[in-house]
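Enquirer: Quick one, structure.txt (compact mmCIF, C-alpha atoms):
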```txt
# COMPACT_ATOMS: atom_id res chain seq x y z
CA MET K 1 89.72 25.85 79.76
CA THR K 2 87.60 22.75 79.22
CA LEU K 3 83.87 23.26 79.42
CA THR K 4 81.67 20.47 80.73
CA ALA K 5 77.97 20.09 81.38
CA ALA K 6 78.71 21.05 85.00
CA SER K 7 80.34 24.42 84.12
CA VAL K 8 78.31 27.47 85.15
CA PRO K 9 78.56 30.24 82.56
CA VAL K 10 77.75 33.88 83.18
CA LEU K 11 77.95 36.97 80.99
CA TRP K 12 80.94 39.25 81.52
CA ARG K 13 79.99 41.86 84.11
CA LEU K 14 80.36 44.54 81.43
CA ALA K 15 78.30 42.84 78.73
CA ARG K 16 74.54 43.01 78.45
CA LEU K 17 71.86 41.64 76.18
CA ASP K 18 69.60 44.02 74.31
CA PHE K 19 67.21 44.09 71.39
CA ASP K 20 68.14 46.24 68.39
CA ARG K 21 64.90 47.68 67.04
CA VAL K 22 66.61 48.77 63.84
CA ARG K 23 67.93 45.31 62.91
CA GLN K 24 65.06 43.53 64.70
CA GLN K 25 67.73 41.36 66.27
CA ARG K 26 69.12 40.47 69.68
CA VAL K 27 72.55 41.97 70.43
CA LEU K 28 75.24 41.57 73.05
CA LEU K 29 76.70 44.97 73.91
CA TYR K 30 79.96 45.59 75.76
CA PRO K 31 82.65 48.29 75.88
CA GLU K 32 83.61 49.18 72.30
CA GLY K 33 81.87 46.16 70.83
CA VAL K 34 78.71 44.39 69.68
CA VAL K 35 77.83 40.80 68.84
CA LEU K 36 74.77 40.43 66.63
CA LEU K 37 73.01 37.32 67.92
CA ASN K 38 70.94 34.79 66.03
CA GLU K 39 67.89 33.28 67.70
CA THR K 40 69.68 30.31 69.24
CA GLY K 41 72.60 32.42 70.44
CA GLY K 42 70.18 34.76 72.19
CA ALA K 43 68.30 31.81 73.68
CA ILE K 44 71.50 30.32 75.10
CA LEU K 45 72.71 33.60 76.59
CA ASP K 46 69.29 34.35 78.11
CA LEU K 47 69.72 31.22 80.20
CA CYS K 48 73.30 31.96 81.33
CA ASP K 49 72.41 33.58 84.63
CA GLY K 50 75.36 32.47 86.73
CA HIS K 51 73.26 29.80 88.46
CA ARG K 52 72.36 27.35 85.72
CA SER K 53 75.02 24.92 84.55
CA ILE K 54 75.57 24.21 80.86
CA GLY K 55 73.68 20.95 81.46
CA ASP K 56 70.70 22.92 82.84
CA VAL K 57 70.80 25.30 79.86
CA ALA K 58 70.99 22.42 77.38
CA ALA K 59 68.10 20.60 79.08
CA ILE K 60 65.82 23.63 78.79
CA LEU K 61 66.74 24.12 75.13
CA GLN K 62 66.36 20.41 74.42
CA GLU K 63 62.77 20.61 75.60
CA ARG K 64 62.22 23.62 73.35
CA TYR K 65 63.94 22.32 70.21
CA HIS K 66 63.42 18.55 70.68
CA CYS K 67 67.06 17.57 70.11
CA ASP K 68 70.26 17.22 72.11
CA VAL K 69 72.02 20.59 71.97
CA THR K 70 74.70 20.09 74.65
CA ALA K 71 77.58 20.01 72.16
CA ASP K 72 76.25 23.09 70.36
CA VAL K 73 75.87 25.00 73.62
CA ILE K 74 79.43 24.11 74.66
CA ASP K 75 80.77 25.08 71.24
CA TYR K 76 78.92 28.41 71.22
CA LEU K 77 79.91 29.37 74.75
CA SER K 78 83.54 28.32 74.17
CA ARG K 79 83.81 30.90 71.44
CA LEU K 80 82.37 33.64 73.66
CA ILE K 81 84.64 32.58 76.54
CA GLU K 82 87.63 32.86 74.20
CA ARG K 83 86.56 36.47 73.57
CA GLU K 84 86.12 36.98 77.34
CA LEU K 85 82.44 37.88 76.86
CA VAL K 86 81.30 34.91 78.93
CA ARG K 87 83.01 33.74 82.13
CA VAL K 88 82.81 30.45 83.91
CA GLU K 89 82.39 30.78 87.65
CA MET F 1 89.56 71.77 69.59
CA ILE F 2 86.82 73.81 67.96
CA HIS F 3 85.99 76.93 69.95
CA ALA F 4 82.92 76.48 72.14
CA ASN F 5 80.68 78.89 70.24
CA GLY F 6 81.27 76.92 67.03
CA GLU F 7 80.05 73.66 68.54
CA LEU F 8 76.80 71.85 67.90
CA THR F 9 74.04 72.64 70.38
CA THR F 10 72.49 70.13 72.78
CA ASP F 11 69.52 69.69 70.44
CA ASP F 12 71.82 69.23 67.45
CA TRP F 13 73.66 66.41 69.22
CA LYS F 14 70.43 64.74 70.31
CA ARG F 15 69.20 64.79 66.72
CA VAL F 16 72.51 63.35 65.50
CA PHE F 17 72.33 60.53 68.06
CA THR F 18 68.76 59.73 67.07
CA HIS F 19 69.73 59.61 63.39
CA ALA F 20 72.79 57.49 64.16
CA ARG F 21 70.63 54.94 66.01
CA GLU F 22 68.24 54.88 63.04
CA LEU F 23 71.24 54.04 60.82
CA GLY F 24 71.96 51.05 63.07
CA VAL F 25 74.69 52.54 65.27
CA LEU F 26 74.90 50.78 68.64
CA GLN F 27 78.12 52.17 70.11
CA LEU F 28 78.61 55.85 70.97
CA GLY F 29 81.83 57.45 72.18
CA LEU F 30 81.59 60.93 73.66
CA SER F 31 85.05 62.40 73.24
CA GLY F 32 86.53 65.77 72.37
CA GLY F 33 88.80 67.56 73.14
CA GLU F 34 87.43 66.96 76.59
CA PRO F 35 83.70 66.14 76.68
CA LEU F 36 83.35 67.20 80.32
CA VAL F 37 83.98 70.78 79.21
CA ARG F 38 80.40 70.72 77.95
CA PRO F 39 77.83 71.20 80.73
CA ASP F 40 75.25 69.13 78.80
CA VAL F 41 77.14 65.81 78.68
CA GLU F 42 74.70 64.37 81.24
CA GLN F 43 71.72 65.31 79.06
CA LEU F 44 73.42 63.83 76.00
CA ALA F 45 74.20 60.60 77.84
CA ALA F 46 70.58 60.32 78.96
CA HIS F 47 69.31 60.80 75.42
CA ALA F 48 71.78 58.24 74.06
CA HIS F 49 70.71 55.73 76.70
CA SER F 50 67.03 56.24 75.88
CA LEU F 51 67.84 55.33 72.26
CA GLY F 52 69.57 52.10 73.27
CA LEU F 53 73.12 53.26 72.49
CA TYR F 54 75.96 51.78 74.54
CA THR F 55 77.80 54.94 75.54
CA THR F 56 81.44 55.53 76.45
CA LEU F 57 82.77 58.78 77.88
CA VAL F 58 86.34 59.30 76.69
CA THR F 59 87.92 61.70 79.16
CA SER F 60 91.21 62.83 80.67
CA GLY F 61 89.48 62.27 84.03
CA VAL F 62 90.07 65.91 84.95
CA GLY F 63 86.76 67.55 85.80
CA LEU F 64 84.99 64.32 86.70
CA THR F 65 83.51 65.40 90.05
CA ARG F 66 81.46 63.04 92.21
CA HIS F 67 78.31 64.96 91.35
CA ARG F 68 78.90 64.75 87.60
CA ALA F 69 79.89 61.09 87.72
CA ALA F 70 76.80 60.16 89.75
CA THR F 71 74.54 62.14 87.40
CA LEU F 72 76.10 60.43 84.39
CA ARG F 73 75.56 57.03 86.00
CA GLU F 74 71.88 57.82 86.62
CA ALA F 75 71.60 59.06 83.04
CA GLY F 76 72.61 55.58 81.83
CA LEU F 77 76.24 56.12 80.87
CA GLU F 78 77.85 52.68 80.97
CA HIS F 79 81.55 53.02 80.22
CA ILE F 80 84.25 55.54 81.05
CA GLN F 81 87.66 55.57 79.41
CA ILE F 82 90.41 57.58 81.04
CA SER F 83 93.64 58.38 79.24
CA ILE F 84 96.91 58.00 81.11
CA GLN F 85 100.17 59.22 79.67
CA ASP F 86 102.70 57.16 81.61
CA SER F 87 103.36 55.36 84.86
CA ASP F 88 106.22 57.73 85.52
CA HIS F 89 104.65 60.89 86.96
CA ALA F 90 107.39 63.24 85.80
CA VAL F 91 107.19 61.97 82.23
CA ALA F 92 103.40 61.91 82.32
CA ASP F 93 103.30 65.55 83.37
CA ARG F 94 105.62 66.57 80.57
CA ILE F 95 103.43 64.90 77.96
CA ALA F 96 100.06 65.95 79.33
CA GLY F 97 101.30 69.52 79.85
CA LEU F 98 99.48 69.58 83.16
CA SER F 99 99.96 68.05 86.57
CA VAL F 100 97.00 65.73 86.47
CA VAL F 101 98.05 62.38 87.81
CA PRO F 102 96.40 62.70 91.29
CA GLN F 103 93.19 63.87 89.61
CA LYS F 104 93.20 60.82 87.34
CA VAL F 105 93.70 58.51 90.32
CA ALA F 106 90.73 60.13 92.06
CA ALA F 107 88.62 59.89 88.90
CA ALA F 108 89.50 56.20 88.53
CA ALA F 109 88.37 55.49 92.10
CA LEU F 110 85.07 57.26 91.44
CA VAL F 111 84.50 55.34 88.22
CA ARG F 112 85.03 52.05 90.08
CA GLU F 113 82.90 53.04 93.04
CA LEU F 114 79.94 54.02 90.88
CA GLY F 115 80.07 50.76 88.94
CA PHE F 116 80.94 52.01 85.47
CA ALA F 117 82.77 49.78 83.06
CA PHE F 118 86.27 51.24 83.28
CA SER F 119 88.92 51.41 80.59
CA ILE F 120 92.32 53.03 80.61
CA ASN F 121 93.94 54.10 77.37
CA VAL F 122 97.67 54.67 77.04
CA VAL F 123 99.34 55.81 73.85
CA LEU F 124 102.77 54.23 73.55
CA HIS F 125 105.85 55.86 72.04
CA ARG F 126 109.59 55.71 72.40
CA ALA F 127 109.74 57.52 75.76
CA ASN F 128 107.23 55.28 77.57
CA ILE F 129 107.16 51.93 75.77
CA ASP F 130 110.03 50.55 77.89
CA ARG F 131 107.81 51.00 80.96
CA VAL F 132 104.85 49.09 79.51
CA ASP F 133 105.04 46.60 82.41
CA GLU F 134 104.72 49.43 84.96
CA ILE F 135 101.89 50.97 82.95
CA ILE F 136 100.02 47.65 82.99
CA GLU F 137 100.47 47.30 86.75
CA LEU F 138 99.36 50.91 87.26
CA ALA F 139 96.17 50.21 85.29
CA ALA F 140 95.56 47.03 87.32
CA SER F 141 96.08 48.89 90.59
CA LEU F 142 93.57 51.54 89.48
CA GLY F 143 91.03 48.74 88.95
CA ALA F 144 90.63 48.99 85.17
CA ASP F 145 88.42 46.40 83.48
CA ARG F 146 90.17 47.06 80.19
CA LEU F 147 93.51 48.51 79.20
CA GLU F 148 94.13 49.71 75.68
CA LEU F 149 97.80 49.99 74.83
CA ALA F 150 97.86 51.80 71.53
CA ASN F 151 101.04 52.59 69.68
CA THR F 152 101.15 56.08 68.24
CA GLN F 153 99.72 56.48 64.76
CA TYR F 154 101.80 58.89 62.73
CA TYR F 155 99.84 61.63 61.12
CA GLY F 156 99.36 65.26 62.10
CA TRP F 157 101.46 66.36 65.06
CA ALA F 158 102.74 62.83 65.72
CA LEU F 159 104.15 62.68 62.19
CA GLU F 160 105.94 65.99 62.79
CA ASN F 161 107.45 64.45 65.91
CA ARG F 162 108.01 61.00 64.47
CA ASN F 163 111.77 61.03 64.94
CA ALA F 164 111.26 61.57 68.66
CA LEU F 165 108.28 59.22 69.11
CA LEU F 166 108.91 56.15 66.97
CA PRO F 167 110.24 53.27 69.08
CA THR F 168 113.04 51.03 67.86
CA PRO F 169 112.23 47.50 66.61
CA ALA F 170 113.92 46.10 69.73
CA GLN F 171 111.68 48.20 72.00
CA VAL F 172 108.58 47.06 70.12
CA ALA F 173 109.55 43.38 70.36
CA ALA F 174 110.26 43.64 74.09
CA ALA F 175 106.97 45.47 74.74
CA SER F 176 104.99 42.87 72.75
CA ASP F 177 106.45 40.10 74.92
CA VAL F 178 105.59 41.98 78.10
CA ALA F 179 102.04 42.65 76.86
CA ASP F 180 101.52 39.00 75.84
CA GLU F 181 102.62 37.75 79.23
CA ALA F 182 100.48 40.33 81.05
CA MET F 183 97.43 39.43 78.95
CA ARG F 184 97.65 35.88 80.23
CA ARG F 185 98.33 36.92 83.81
CA HIS F 186 95.44 39.41 84.00
CA ARG F 187 92.97 37.35 81.98
CA GLY F 188 89.55 37.29 83.63
CA ARG F 189 90.24 40.47 85.62
CA MET F 190 91.63 43.08 83.25
CA GLN F 191 91.38 42.76 79.49
CA ILE F 192 94.50 44.06 77.76
CA LEU F 193 94.29 45.18 74.15
CA TYR F 194 97.69 45.72 72.63
CA VAL F 195 97.59 47.49 69.29
CA LEU F 196 100.77 46.65 67.40
CA PRO F 197 102.61 49.59 65.84
CA ASP F 198 101.99 49.31 62.12
CA TYR F 199 105.45 50.65 61.15
CA HIS F 200 106.86 47.43 62.60
CA GLU F 201 104.40 45.13 60.84
CA ALA F 202 104.41 43.64 57.36
CA TYR F 203 100.83 44.53 56.45
CA PRO F 204 98.65 47.56 57.16
CA LYS F 205 95.74 47.69 59.56
CA PRO F 206 92.14 47.49 58.37
CA CYS F 207 91.66 51.05 59.54
CA TYR F 208 88.33 51.25 61.43
CA GLY F 209 87.25 48.11 59.55
CA GLY F 210 87.39 49.91 56.22
CA TRP F 211 86.50 53.42 55.09
CA GLY F 212 82.80 54.20 55.62
CA ARG F 213 81.91 50.64 56.56
CA HIS F 214 81.33 50.61 60.33
CA TYR F 215 82.37 53.89 61.84
CA LEU F 216 81.77 57.61 61.69
CA VAL F 217 82.98 60.61 63.66
CA VAL F 218 80.91 63.75 64.13
CA MET F 219 83.22 66.64 65.02
CA PRO F 220 82.20 69.30 67.57
CA ASP F 221 81.46 71.66 64.65
CA GLY F 222 79.25 69.09 62.90
CA ARG F 223 81.61 67.96 60.13
CA THR F 224 81.31 64.20 59.80
CA LEU F 225 84.29 61.97 59.06
CA PRO F 226 84.90 58.27 58.35
CA CYS F 227 87.71 58.28 60.97
CA HIS F 228 89.40 60.65 63.40
CA GLY F 229 92.34 61.36 61.13
CA ALA F 230 90.39 62.02 57.95
CA THR F 231 90.74 65.83 58.04
CA HIS F 232 94.43 65.31 57.34
CA ILE F 233 93.36 64.29 53.81
CA THR F 234 93.15 67.85 52.59
CA THR F 235 91.77 66.89 49.18
CA LEU F 236 88.46 65.82 50.75
CA ARG F 237 85.64 68.07 51.90
CA PHE F 238 83.56 66.81 54.80
CA ASP F 239 79.86 67.60 54.99
CA SER F 240 78.24 68.75 58.20
CA VAL F 241 75.20 67.51 60.09
CA ARG F 242 74.25 71.20 60.18
CA ASP F 243 73.59 71.04 56.43
CA HIS F 244 72.62 67.43 55.73
CA PRO F 245 70.88 64.50 57.44
CA LEU F 246 73.36 61.99 58.85
CA ARG F 247 71.95 59.25 56.61
CA TRP F 248 72.70 61.30 53.49
CA ILE F 249 76.28 61.95 54.68
CA TRP F 250 76.79 58.24 55.41
CA GLU F 251 75.19 56.90 52.24
CA GLU F 252 75.82 59.54 49.62
CA SER F 253 78.36 62.21 50.54
CA ALA F 254 81.49 62.33 48.38
CA ALA F 255 83.88 61.93 51.32
CA PHE F 256 82.24 58.72 52.55
CA GLN F 257 82.02 57.34 49.00
CA ALA F 258 85.64 58.21 48.22
CA PHE F 259 87.28 54.96 49.40
CA ARG F 260 84.44 52.48 49.60
CA GLY F 261 84.68 49.31 47.54
CA ASP F 262 87.85 48.80 45.48
CA ALA F 263 87.36 50.91 42.32
CA TRP F 264 89.51 53.68 43.83
CA MET F 265 92.42 51.33 44.57
CA GLN F 266 95.72 51.28 42.75
CA GLU F 267 97.91 48.24 42.26
CA PRO F 268 98.98 46.10 44.00
CA CYS F 269 95.87 46.57 46.19
CA ARG F 270 93.20 46.22 43.53
CA THR F 271 94.13 42.66 42.58
CA CYS F 272 95.44 41.65 46.01
CA PRO F 273 93.50 39.05 48.04
CA ARG F 274 94.41 40.98 51.20
CA LYS F 275 92.12 43.84 50.14
CA ALA F 276 89.27 41.89 51.76
CA ILE F 277 91.24 41.94 55.05
CA ASP F 278 92.80 45.39 55.21
CA PHE F 279 90.96 47.42 52.51
CA GLY F 280 94.30 48.85 51.36
CA GLY F 281 95.18 50.08 54.86
CA CYS F 282 94.95 53.61 56.21
CA ARG F 283 93.97 56.33 53.73
CA CYS F 284 95.25 59.06 56.05
CA GLN F 285 98.67 57.39 56.24
CA ALA F 286 98.80 56.94 52.45
CA PHE F 287 98.02 60.63 51.98
CA ALA F 288 100.37 61.86 54.71
CA LEU F 289 103.35 59.86 53.46
CA THR F 290 102.84 59.87 49.68
CA GLY F 291 100.60 62.88 48.99
CA GLU F 292 98.06 60.63 47.26
CA ALA F 293 95.25 59.10 49.31
CA THR F 294 94.53 56.34 46.77
CA ASN F 295 98.03 54.89 47.08
CA PRO F 296 98.54 51.68 49.05
CA ASP F 297 99.27 52.27 52.72
CA PRO F 298 103.11 52.43 52.66
CA VAL F 299 103.22 50.06 55.64
CA CYS F 300 102.42 47.20 53.24
CA THR F 301 105.52 45.22 52.27
CA LEU F 302 103.83 44.29 48.97
CA THR F 303 104.27 47.86 47.70
CA PRO F 304 107.55 49.60 46.78
CA LEU F 305 106.26 52.53 48.88
CA ARG F 306 107.36 50.48 51.93
CA THR F 307 110.82 52.07 51.57
CA ILE F 308 109.28 55.22 53.12
CA ILE F 309 108.47 53.30 56.30
CA ASP F 310 111.77 51.43 56.44
CA LYS F 311 113.67 54.69 56.07
CA ALA F 312 111.63 56.31 58.88
CA VAL F 313 112.32 53.36 61.20
CA ARG F 314 116.05 53.52 60.42
CA GLU F 315 116.23 57.26 60.96
CA ALA F 316 114.13 57.48 64.10
CA THR F 317 117.01 57.89 66.51
CA GLY F 318 116.73 61.59 67.30
CA PRO F 319 116.56 62.92 70.84
CA PRO F 320 113.06 63.13 72.32
CA ALA F 321 112.68 66.87 71.73
CA TYR F 322 109.00 67.39 71.07
CA ARG F 323 107.14 70.05 69.21
CA TYR F 324 104.14 70.55 71.46
CA ARG F 325 100.69 71.55 70.47
CA TYR F 326 98.54 73.25 73.05
CA ILE F 327 94.87 72.64 72.68
CA GLY F 328 91.85 73.39 74.78
CA LEU F 329 92.97 73.84 78.35
CA GLU F 330 95.34 76.68 79.20
CA THR F 331 98.56 75.53 80.77
CA GLU F 332 100.99 77.50 82.86
CA ARG F 333 103.84 76.67 80.55
CA ALA F 334 102.05 77.62 77.34
```
Output the structure of this file as structure tokens.

Expert:
Amino acid sequence: MTLTAASVPVLWRLARLDFDRVRQQRVLLYPEGVVLLNETGGAILDLCDGHRSIGDVAAILQERYHCDVTADVIDYLSRLIERELVRVE
Amino acid sequence: MIHANGELTTDDWKRVFTHARELGVLQLGLSGGEPLVRPDVEQLAAHAHSLGLYTTLVTSGVGLTRHRAATLREAGLEHIQISIQDSDHAVADRIAGLSVVPQKVAAAALVRELGFAFSINVVLHRANIDRVDEIIELAASLGADRLELANTQYYGWALENRNALLPTPAQVAAASDVADEAMRRHRGRMQILYVLPDYHEAYPKPCYGGWGRHYLVVMPDGRTLPCHGATHITTLRFDSVRDHPLRWIWEESAAFQAFRGDAWMQEPCRTCPRKAIDFGGCRCQAFALTGEATNPDPVCTLTPLRTIIDKAVREATGPPAYRYRYIGLETERA
């Protein structure tokens, strides 16, 4: 599947974001698995609400980090889509 | 199954869960035996949820009433895994020892209706692996989000029955093709995890990601293991959460230290680059097949011990006459 700025990503119905107080780190939890998230990963996934497109997500992050992050967002989400943790509606 | 009066109490389990979370554990599986036999599963699920654990109930599905399922959902249980023996009811009954298929179908419907994440687990062996396509379609029709197709691992009772259970290489190859095709077809709706049978592979599995690295099992009686099969290694003694804090067992107990790192390894493992991938394979399998838990897993084609596996594969042609074990639930035919 080719992701574009118009693609609308959403977390797998069975995955949810949480904060691990022990590691002091954001985590993505799902059946039988965990992804430990870095700050940017968490920031991207926070914005994947099933309504915003990748372009919308990148625009918000661009404002926050003052650089074009579209390619990074696509790359990051592609890897999670490959693992079926993120879906594109 | 440990007899009920030898099991940890509700408060014991709550303490263990709290300590596990403090160690960094994020995933909890409530299994057994059959966890629904305990009347306090709902309380335990609620405590686990309050700690931030992602909790799975691993059940046969028998005993999952609407009331219990709804209470578990309110308690914060997120994921239910139901085991299914086969798509063929007659064969399934023979293996389960009970006529349970309608009860599993009802349990599956309840799990879906209440919005749990829903997995089905099927253990594959010679008598059912040819019907893997039907099993996959059965799981899809029951509405599973995930299907785990796990080939039998041969220690304990399965090792005793290996000649009846081990599929032929041709069966394994055919099943792998079916599973691959089904994975693509069901992608996005049902996730299919197909665990290859290690006897038919060239290298061993990184069992539970390595001994004492990511995983621990607390038995109903409190003994704590690095994996489910570890009690088969009779040279190890496993400490109990009745006697020690979980952190001490994890960090310092002899059993958990036994196969960490690589100092315990023999050749060819110790100098093999694959040790970073598979950690020498399964300690339980090494012990069961060679009598020495520090040996390489005989599945590995880099060790002369592989002849043990090749011989077993060649000889596994016996009729499917099983030696049953009866655990937990009373059955009419016991």

Enquirer: Give me the residues within 12 Å of K:Leu77 as a PyMOL selection string, counting all atoms listed in the file and dropping any in the same chain fewer than 5 places off.

Expert: chain K and resi 1-5+7-11+40-45+47-48+53-54+57-58+70-72+82-88

Enquirer: When the cut-off is 10 Å and we count all atoms listed in the file, which residues of chain K are near chain F, given as a short mmCIF file (atom, residue, chain, number, x, y, z; two decimals) with C-alpha atoms, in the coordinates of the input?

Expert:
```cif
data_model
loop_
_atom_site.label_atom_id
_atom_site.label_comp_id
_atom_site.auth_asym_id
_atom_site.auth_seq_id
_atom_site.Cartn_x
_atom_site.Cartn_y
_atom_site.Cartn_z
CA TRP K 12 80.94 39.25 81.52
CA ARG K 13 79.99 41.86 84.11
CA LEU K 14 80.36 44.54 81.43
CA ALA K 15 78.30 42.84 78.73
CA ARG K 16 74.54 43.01 78.45
CA ASP K 18 69.60 44.02 74.31
CA PHE K 19 67.21 44.09 71.39
CA ASP K 20 68.14 46.24 68.39
CA ARG K 21 64.90 47.68 67.04
CA VAL K 22 66.61 48.77 63.84
CA ARG K 23 67.93 45.31 62.91
CA VAL K 27 72.55 41.97 70.43
CA LEU K 29 76.70 44.97 73.91
CA TYR K 30 79.96 45.59 75.76
CA PRO K 31 82.65 48.29 75.88
CA GLU K 32 83.61 49.18 72.30
CA GLY K 33 81.87 46.16 70.83
CA VAL K 34 78.71 44.39 69.68
CA ILE K 81 84.64 32.58 76.54
CA ARG K 83 86.56 36.47 73.57
CA GLU K 84 86.12 36.98 77.34
CA LEU K 85 82.44 37.88 76.86
CA VAL K 86 81.30 34.91 78.93
CA ARG K 87 83.01 33.74 82.13
CA VAL K 88 82.81 30.45 83.91
#
```

Enquirer: To one decimal place in Å, what is the distance between atom CA of F:Leu159 and atom CA of F:Tyr194?

Expert: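 Atom-to-atom, atom CA of F:Leu159 and atom CA of F:Tyr194 are spaced 20.9 Å apart.
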
Enquirer: For F:Thr303, list every protein, DNA or RNA residue within 10 Å, evaluated using only C-alpha atoms, and leave out those in the same chain fewer than 6 positions away; present the list as a VMD selection string.

Expert: chain F and resid 203 267 to 269 295 to 297

Enquirer: Could you state the separation of atom CA of F:Ala75 and atom CA of F:Thr10 in Å, given to one decimal place?

Expert: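 Calculated distance between atom CA of F:Ala75 and atom CA of F:Thr10 is 15.1 Å.
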